[in-house]
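Trainee: Have a look at this one before I ask anything.
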Amino acid sequence: MIDSSWQRSRGCWAILKETWTVAYPIDNLPPIHPGIFLRDELEALGLSARRFAQHILVPHNAVTEIMNGERSVSAQMAVRLGLAFDTTPQYWMNLQAIYDLKRARAEMPAEALRIPPYAMA
């Protein structure tokens, strides 16, 4: 573990804290695909998936597949979504990472979740 005074002195405390939150989602809520968030945003704006896809310059099936949970949010798509909704691309990448980590944890065998940390001698 890196000393917290070192982290603050390097100005990266917020980044490490955000990364920790994404890497270790501890709530007991089910995984929520980023497409649910995208659907909510489009509904709030009264936009169809087709019209939004035209706006962000992608085929409409790219948007509908994300909305239906059939496609992940890629880094390029995160940039487009961030620009369109005035958020950061990291926001969309975090949603995808949390979803993926929760699914992976749920699908892992119980014995794999009990792997102890490797101790350095």
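We name chains A, B, ... following the order of the structure tokens; residues begin at 1 in each chain, and ligands are numbered from 1 as shown.
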Excluding segment 67-83 of chain A and any residue of its chain fewer than 6 positions from it, enumerate the residues within 8 Å of it, using only C-alpha atoms, and give them as number ranges by chain.
Mentor: A: 33-36, 38-39, 56, 89-93, 96
Trainee: Name the closest residue to Phe37 of chain A among the candidates A:Arg51, A:Val63, A:Leu95, A:Tyr118; distances are taken between atoms, counting only C-alpha atoms.
Mentor: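 The answer is A:Leu95, which sits nearest to Phe37 of chain A.
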Trainee: When you look at segment 97-111 of chain A with a cut-off of 6 Å (counting only C-alpha atoms), what residues show up, excluding the ones that are within fewer than 3 positions of it in the same chain? I need them as a list in words.
Mentor: Val22, Pro31, Ile32, His33, Asn94 and Arg114 of chain A
Trainee: Store the residues picked out above, limited to C-alpha atoms, as a PDB file, in the first residue's frame.
Mentor:
```pdb
ATOM      1  CA  VAL A  22     -14.385   1.055  -9.534  1.00  0.00           C
ATOM      2  CA  PRO A  31     -24.928  -5.487 -12.005  1.00  0.00           C
ATOM      3  CA  ILE A  32     -26.526  -2.738 -14.082  1.00  0.00           C
ATOM      4  CA  HIS A  33     -25.486  -2.527 -17.713  1.00  0.00           C
ATOM      5  CA  ASN A  94     -16.568   3.198 -14.942  1.00  0.00           C
ATOM      6  CA  ARG A 114     -11.253 -17.234  -1.199  1.00  0.00           C
TER       7      ARG A 114
END
```
Trainee: To one decimal place, how far is atom CA of Asp86 of chain A from atom CA of Gln54 of chain A in Å?
Mentor: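 Atom CA of Gln54 of chain A lies at a distance of 17.1 Å from atom CA of Asp86 of chain A.
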